[in-house]
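Enquirer: One structure is given below, represented as C-alpha cells, and several questions about it will come after.
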Amino acid sequence: MIRRLLAAAASAAVATTLVAAGPAAAQAAPAEPDPVRAAEYWLADYGIEQAWQTTRGAGVKIAVIDTGIGRGPVEFAGAVADGTDVSGAGSPDGRTPVGAVDKDHGSWVASLAAGRGTGPDTGMIGVAPEAQLLSVSVAFGSSAPRSFSDQIADAIRWSVDNGADVINMSLTTNVPDWPESWDDAFLYAFENDVVIVVAAGNRGSGTTRVGAPATIPGVLTVGGVDRSGKASVDASTQGITIGVSAPSEELVGVSADSTLVSWDGTSGAAPIVAGIAALVRAAHPELDANNVINRIVKTARPAAGATDVPDVLYGYGLIDAAAAVSAPGVSSVTANPMGNLEDWVRLYRRAPVAPLPDEPAPTVEVPALPEADLATRATSPLLPDGGTVLYGTLPLALLTTTAILVALGVTAAVRRIRLASRAPSR
C-alpha cells in the first residue's frame, strides 16, 4: 500500500493564520508596504522580482496535482484555466477541496506558484502571477475512493492532454519505489515536453530520505532551506535525486476559504521552483523541457553548506530566478540532467515476454531415414564365444583330465611298490 505523507507541515493545525484576505482587502489601499507582500521574502532574495522585469509567466500552464484549488480566494480570480477530479471524491472541475485534514494544501501550493494577489501591490502573489493553473484534485489515505497509484497516473495524463507545460507534485510516498503504472504516465509527460517538479519531503513528517515520485529519473526534485539558506532540519529531507533547493520555511499560503497562513515544507519549495520553470518557459519558448531544467540547475547559486555538487541536501544549489531567466551562455543539452526514465525502465523492469503466435507454426517435411543395418551384438572379452569353446576350452579340458588320470595312476603304482618293499621276510 502506498502511504502519502504531505511534503510539508501540511495541516491547519501547524499552519499559522496570518490575516483574512478577499475582495475587501483588495479595495483597501495600504498606506504602508503590504504585510503579506513583505512576508514573501523569497521574491527578492531569490531573484523573482528581478525576473519579472523579463516575464511573469504569461502563456504557460502549471498543473497542480494536489487536493484541489479553492474557488473562493480572489488571488485565484482568472488564474485557473481548467481542472478535473481523479479521486472520485471531488467535483468535476477539480475546485472542491478534497480531504478532511489536507483540503487547503492544494490552494496553498497554487498560491505560491501563480497567485494573482488582491491588488497591484497587495495580497499573496505567486512566482509566475500571469501563468495559468490547472487544478487536478486527488485524495489520499485508505478512505480515498480510488487507489493512489491510479489517481496519480490519471492526473499526469490529464494534465498533459490539457496543455500543461509544468506539473507540480507536492507529495511523497515516503518509499523509493513506485508502481509500474507510473512508468508510462511519467514517460508520457516527458515525451510531450512537460517539466515535472516534485517535493523532496520533510524529516518532520517522518521522511528521512526522498521517496517516489522524487526518485523517478527526469523529475526536478526540490529540497528545502530556511530563511538563511541552510538546509531545513524539519522542512526538508536528503537524497541524491535532489536537483535544487528553495525556501521551505516561513512560507505564505492562501487557504480555500481565503485565509492566509504561514506554513513550512518542501510542499511550498516545489511550487516556487515550478513557478520559476514557468518563467523560463515563457522567456524561452524555444527551449524544450530538458533545457528548461538545465537552466534552472546550471544557474543555481552554490549553497554555503554543500560539500559536493550535486549535494544530497542542496542538489546543484539554491534557485536563482533572475539567472535562470536571463543568464547568457548556458549551454544547451540533449538529455535531461535529472536522468532518463526510459533507460531506467529498460535496465530495471523485467523485459516483456514475446507474445505467442496466433497460429501454429507450419510443419516441415523431414525425409525418411535409411533402413538401419542389423546390429551386431556386443560381446565382452571376458566371456567365451563359440570359437574359444571349440578350439580352446575343450582341448584344454581334455588335456587337463588326462594329466590328472596319469598322475593318479603313477601315485598308486608308487604306493604299491613301497608297500611291497616293507613286507616281513620269512
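By convention in this document, the chains of the C-alpha cells carry letters A, B, ... by their order, each chain's residues are numbered from 1, and ligands are numbered from 1 in the order they are shown.
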What parts of region 10-238 of chain A does DSSP call alpha helix (DSSP H)? I'd like the answer as a ChimeraX atom specification.
Expert: /A:23-27,35-39,42-45,48-51,105-114,148-161,181-191
Enquirer: Which residues, written as a PyMOL selection string, have at least one atom at most 9 Å from Gln132 (chain A), with only C-alpha atoms counted and residues fewer than 6 positions away on the same chain left out?
Expert: chain A and resi 57-63+78-82+114
Enquirer: I need the strand (DSSP E) residues of region 65-294 of chain A per DSSP on the backbone, written as JSON, numbers by chain.
Expert: {"A": [65, 66, 80, 81, 82, 83, 84, 85, 132, 133, 134, 135, 136, 137, 166, 167, 168, 169, 171, 172, 195, 196, 197, 198, 199, 220, 221, 222, 223, 224, 225, 242, 243, 244, 245, 246, 247, 251, 252, 253, 254, 259, 260, 261, 262, 263]}
Enquirer: Residues of the last selection are to be written out with C-alpha atoms, as a PDB file, in the first residue's frame.
Expert:
```
ATOM      1  CA  ILE A  65      -1.790  17.790  -8.746  1.00  0.00           C
ATOM      2  CA  ASP A  66      -2.978  18.151  -5.176  1.00  0.00           C
ATOM      3  CA  VAL A  80      -7.393  28.669 -13.007  1.00  0.00           C
ATOM      4  CA  ALA A  81      -7.922  27.765 -16.640  1.00  0.00           C
ATOM      5  CA  ASP A  82      -9.335  24.276 -16.173  1.00  0.00           C
ATOM      6  CA  GLY A  83      -9.438  21.351 -13.793  1.00  0.00           C
ATOM      7  CA  THR A  84     -10.622  17.840 -13.053  1.00  0.00           C
ATOM      8  CA  ASP A  85     -11.024  15.399 -10.202  1.00  0.00           C
ATOM      9  CA  GLN A 132      -2.476  29.756 -15.776  1.00  0.00           C
ATOM     10  CA  LEU A 133      -3.266  26.960 -13.365  1.00  0.00           C
ATOM     11  CA  LEU A 134      -4.794  23.525 -13.926  1.00  0.00           C
ATOM     12  CA  SER A 135      -6.431  22.134 -10.789  1.00  0.00           C
ATOM     13  CA  VAL A 136      -6.233  18.327 -10.553  1.00  0.00           C
ATOM     14  CA  SER A 137      -7.726  17.106  -7.281  1.00  0.00           C
ATOM     15  CA  VAL A 166       4.817  22.361 -15.963  1.00  0.00           C
ATOM     16  CA  ILE A 167       3.396  19.870 -13.444  1.00  0.00           C
ATOM     17  CA  ASN A 168       3.802  20.420  -9.706  1.00  0.00           C
ATOM     18  CA  MET A 169       3.575  17.447  -7.314  1.00  0.00           C
ATOM     19  CA  LEU A 171       3.593  14.957  -2.323  1.00  0.00           C
ATOM     20  CA  THR A 172       5.652  11.907  -1.491  1.00  0.00           C
ATOM     21  CA  VAL A 195       8.611  19.730 -16.838  1.00  0.00           C
ATOM     22  CA  ILE A 196       7.659  17.834 -13.651  1.00  0.00           C
ATOM     23  CA  VAL A 197       8.623  19.455 -10.331  1.00  0.00           C
ATOM     24  CA  VAL A 198       8.399  17.320  -7.181  1.00  0.00           C
ATOM     25  CA  ALA A 199       8.840  17.993  -3.444  1.00  0.00           C
ATOM     26  CA  LEU A 220      13.172  18.081 -10.871  1.00  0.00           C
ATOM     27  CA  THR A 221      13.233  17.304  -7.144  1.00  0.00           C
ATOM     28  CA  VAL A 222      13.293  20.272  -4.771  1.00  0.00           C
ATOM     29  CA  GLY A 223      14.899  20.298  -1.335  1.00  0.00           C
ATOM     30  CA  GLY A 224      14.139  22.930   1.298  1.00  0.00           C
ATOM     31  CA  VAL A 225      16.166  25.615   3.077  1.00  0.00           C
ATOM     32  CA  ILE A 242      17.582  16.432  -5.259  1.00  0.00           C
ATOM     33  CA  GLY A 243      18.099  18.880  -8.123  1.00  0.00           C
ATOM     34  CA  VAL A 244      17.848  22.307  -6.478  1.00  0.00           C
ATOM     35  CA  SER A 245      16.782  23.862  -3.198  1.00  0.00           C
ATOM     36  CA  ALA A 246      14.278  26.606  -2.419  1.00  0.00           C
ATOM     37  CA  PRO A 247      12.717  28.204   0.673  1.00  0.00           C
ATOM     38  CA  LEU A 251       6.086  30.461   3.707  1.00  0.00           C
ATOM     39  CA  VAL A 252       2.733  32.111   2.981  1.00  0.00           C
ATOM     40  CA  GLY A 253      -0.286  30.352   1.511  1.00  0.00           C
ATOM     41  CA  VAL A 254      -3.909  31.148   0.674  1.00  0.00           C
ATOM     42  CA  THR A 259      -7.499  32.712   4.935  1.00  0.00           C
ATOM     43  CA  LEU A 260      -3.765  33.408   4.729  1.00  0.00           C
ATOM     44  CA  VAL A 261      -1.469  31.075   6.659  1.00  0.00           C
ATOM     45  CA  SER A 262       2.218  30.709   7.395  1.00  0.00           C
ATOM     46  CA  TRP A 263       3.492  27.192   6.761  1.00  0.00           C
TER      47      TRP A 263
END
```
Enquirer: Taking 5 positions as the minimum chain separation for residues in the same chain, which residues sit within 8 Å of Pro217 (chain A) when counting only C-alpha atoms? Answer as a PyMOL selection string.
Expert: chain A and resi 338-341+344
Enquirer: Just the residues within 12 Å of region 312-316 of chain A, please, counting only C-alpha atoms, with nothing from its chain fewer than 4 positions along; format it as a ChimeraX atom specification.
Expert: /A:200-203,208-210,220-226,229-233,235-247,293-308,320,337-338
Enquirer: Quick one: everything within 10 Å of Gly72 (chain A), counting only C-alpha atoms, minus sequence neighbours fewer than 2 positions away in the same chain. Send it as an MDAnalysis selection string.
Expert: chainID A and resid 22 69:70 74:77 95 255:258
